[in-house]
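Comments concern the structure below.
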Amino acid sequence: MANSYDPKTYLGMAIDPIHVGTGGMGLGRVDNAIVRDPVTRVPKIPGSSLAGVFRTYAAMAKGKFPDCAGLGQTRRDGSSGHCGKADCHICTTFGFARGNAGGFAGLAAFSDAHVLLFPAATREGPVWLTCPMAMRAVGQELNGVTDDAVYRNGGPSQPLNLGWLLLPVRPLNGAESVTRALEERQVPEHIRDHAAALPDKLFSHVVNSNLEVRTSVAIDPETGAAEEGALFTYEALPRATVLVWDVTCKNPTHFKAGGEQVAAVKSPDDVHKVVATAHPYFEHLGIGGMGTRGMGRLRVLTETAPQAASATGTAKEAS
Ligand SMILES: [Zn+2]
């Protein structure tokens, strides 16, 4: 029997600093703030942003750009946006705004992208930090990571500085399992070998204290000169941050689009393949704002994604 849906977990590494903005000028210490999880305060990329960028790049890859990309509004010349056809890879995978049958939600759903490993400067060089909450996204339960300390496997045991913060070092229980999970998902060896865990609250604190903050000048497009008073600051996730997100693909055989049986894709795996056509574009065109300032490129690490952590858990319980 075919599955009705198939979740996969993907990892990606920032090749440039990544700025996914809140869309307004912030009131905090920077002018252009990035999106944060309202509960944990850790920066994230909202699933809706991720879905929009995936759609654009998949449409480019499938020769459906610009018609089936974007939000699908009717253009000024009266021509329509999304084609909304049952044999369109983009409209079936990502949905369409309207059409004969009044729109379709799409077969692929995107979670928010969360920070899995965050590079922090230490006197030993960069260390990639994670926390119990973050590691659950790859099915790993970190036990005993509770005190204000750096938990890791091996390495010197004298206190370690994370930026300006000096913390004791403790052994990490189950470190081999963590390393294996990261290796399975194609996290580079250098990062795996320099991974360490913090408690959730401290992780949020350290991430927020170690974001990139840059200063830039707004250029007046008419004169090509700097606008008066246009110096502004913006924050970003630093280069080499590792992000994690889930893509859940529904089974096309259960759906109709525009009144017809979905024909462009035949299985959840086909839908994942359409989504994955966007991956090379992330590495070249990036995500988020400030693209013209050398920001936003993301390398997708997990091309052969294992099942999502949640789905693996369900399978284990069933057996
Ligand atoms: Zn289409």
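Going through the structure tokens in order, the chains are called A, B, and so on, while each chain numbers its residues from 1 and the ligands are numbered from 1 in the order shown.
For ligand 1, the neighbouring protein, DNA and RNA residues, which are those within 7 Å when only C-alpha atoms and all ligand atoms are counted, are Lys64, Cys68, His82, Cys83, Gly84, Lys85, Cys88, His89, Ile90 and Cys91 of chain A.
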Close residues, Ala105 of chain A itself excluded, 12 Å, only C-alpha atoms, min 2 positions apart in chain, as a list in words | Ala51, Gly84, Ile90, Cys91, Thr92, Thr93, Phe94, Gly95, Phe96, Ala97, Arg98, Ala101, Gly102, Gly103, Leu107, Ala108, Ala109, Cys249, Lys250, Phe255, Lys256, Ala257 and Gly258 of chain A
Between A:Leu129, A:Ala197, A:Met295, A:Leu50, which one has atoms that come closest to Glu212 of chain A, using only C-alpha atoms?
-> A:Met295
Name the residues of segment 146-287 of chain A that fall into alpha helix (DSSP H) according to DSSP on the backbone, using the chain letters and numbers of this document, as a ChimeraX atom specification.
-> /A:175-184,189-193,200-209,268-276,279-285
Neighbours of Thr130 of chain A within 9 Å (only C-alpha atoms; same-chain residues fewer than 6 positions away dropped), as an mmCIF file with N, CA and C atoms, in the first residue's frame?
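Full text of out-v7.cif as output:
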```
data_model
loop_
_atom_site.group_PDB
_atom_site.id
_atom_site.type_symbol
_atom_site.label_atom_id
_atom_site.label_comp_id
_atom_site.auth_asym_id
_atom_site.auth_seq_id
_atom_site.Cartn_x
_atom_site.Cartn_y
_atom_site.Cartn_z
ATOM 1 N N VAL A 115 18.058 26.379 13.054
ATOM 2 C CA VAL A 115 19.506 26.270 13.200
ATOM 3 C C VAL A 115 19.822 24.941 13.875
ATOM 4 N N LEU A 116 20.611 24.094 13.209
ATOM 5 C CA LEU A 116 21.032 22.815 13.788
ATOM 6 C C LEU A 116 22.426 22.936 14.396
ATOM 7 N N LEU A 117 23.324 23.591 13.666
ATOM 8 C CA LEU A 117 24.714 23.765 14.124
ATOM 9 C C LEU A 117 25.133 25.194 13.831
ATOM 10 N N PHE A 118 25.592 25.861 14.860
ATOM 11 C CA PHE A 118 25.911 27.288 14.740
ATOM 12 C C PHE A 118 27.386 27.513 15.062
ATOM 13 N N ALA A 195 31.850 19.666 16.768
ATOM 14 C CA ALA A 195 30.487 19.918 17.247
ATOM 15 C C ALA A 195 30.460 19.832 18.768
ATOM 16 N N ALA A 196 29.586 20.624 19.383
ATOM 17 C CA ALA A 196 29.420 20.609 20.833
ATOM 18 C C ALA A 196 27.995 21.034 21.145
ATOM 19 N N ALA A 197 27.521 20.629 22.322
ATOM 20 C CA ALA A 197 26.135 20.930 22.672
ATOM 21 C C ALA A 197 26.052 21.867 23.867
ATOM 22 N N LEU A 198 25.010 22.685 23.860
ATOM 23 C CA LEU A 198 24.685 23.570 24.985
ATOM 24 C C LEU A 198 23.234 23.292 25.374
ATOM 25 N N PRO A 199 22.840 23.615 26.595
ATOM 26 C CA PRO A 199 21.407 23.563 26.922
ATOM 27 C C PRO A 199 20.631 24.534 26.034
ATOM 28 N N ASP A 200 19.345 24.276 25.826
ATOM 29 C CA ASP A 200 18.532 25.061 24.896
ATOM 30 C C ASP A 200 18.614 26.570 25.142
ATOM 31 N N PHE A 203 21.977 28.019 24.341
ATOM 32 C CA PHE A 203 22.162 27.988 22.889
ATOM 33 C C PHE A 203 21.557 29.248 22.264
#
```
All residues 7 Å or closer to Asp16 of chain A, only C-alpha atoms, same chain fewer than 2 positions away omitted, as a list in words = Ala14, Ile18, Arg239, Gly294, Met295, Gly296 and Arg297 of chain A
Please produce a file of the residues just selected, as an mmCIF file, in the first residue's frame, where the atoms kept are C-alpha atoms.
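Printed below is result-v9.cif as written:
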```
data_model
loop_
_atom_site.group_PDB
_atom_site.id
_atom_site.type_symbol
_atom_site.label_atom_id
_atom_site.label_comp_id
_atom_site.auth_asym_id
_atom_site.auth_seq_id
_atom_site.Cartn_x
_atom_site.Cartn_y
_atom_site.Cartn_z
ATOM 1 C CA ALA A 14 25.175 28.709 4.644
ATOM 2 C CA ILE A 18 21.956 34.563 5.374
ATOM 3 C CA ARG A 239 28.565 31.588 7.036
ATOM 4 C CA GLY A 294 27.043 38.698 -1.413
ATOM 5 C CA MET A 295 24.581 37.112 1.000
ATOM 6 C CA GLY A 296 22.273 34.138 1.118
ATOM 7 C CA ARG A 297 23.859 31.216 -0.717
#
```
Long-range neighbours of Val300 of chain A as a ChimeraX atom specification, 9 Å cut-off, only C-alpha atoms, 2 positions minimum in chain = /A:10-14,279-280,282-283,298,302-303
Using only C-alpha atoms, which of the listed residues (A:Pro126, A:Pro159, A:Pro119, A:Gly139) sits closest to Glu184 of chain A?
-> A:Gly139
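Closest approach to Pro7 of chain A among A:Gln261, A:Thr215, A:Thr248, A:Gln186 is made by A:Thr248 (distances from only C-alpha atoms).
Of the listed residues A:Val213, A:Asn251, A:Ala175, A:Val242, the one whose atoms come nearest to Asp270 of chain A is A:Asn251, with distances taken using only C-alpha atoms.
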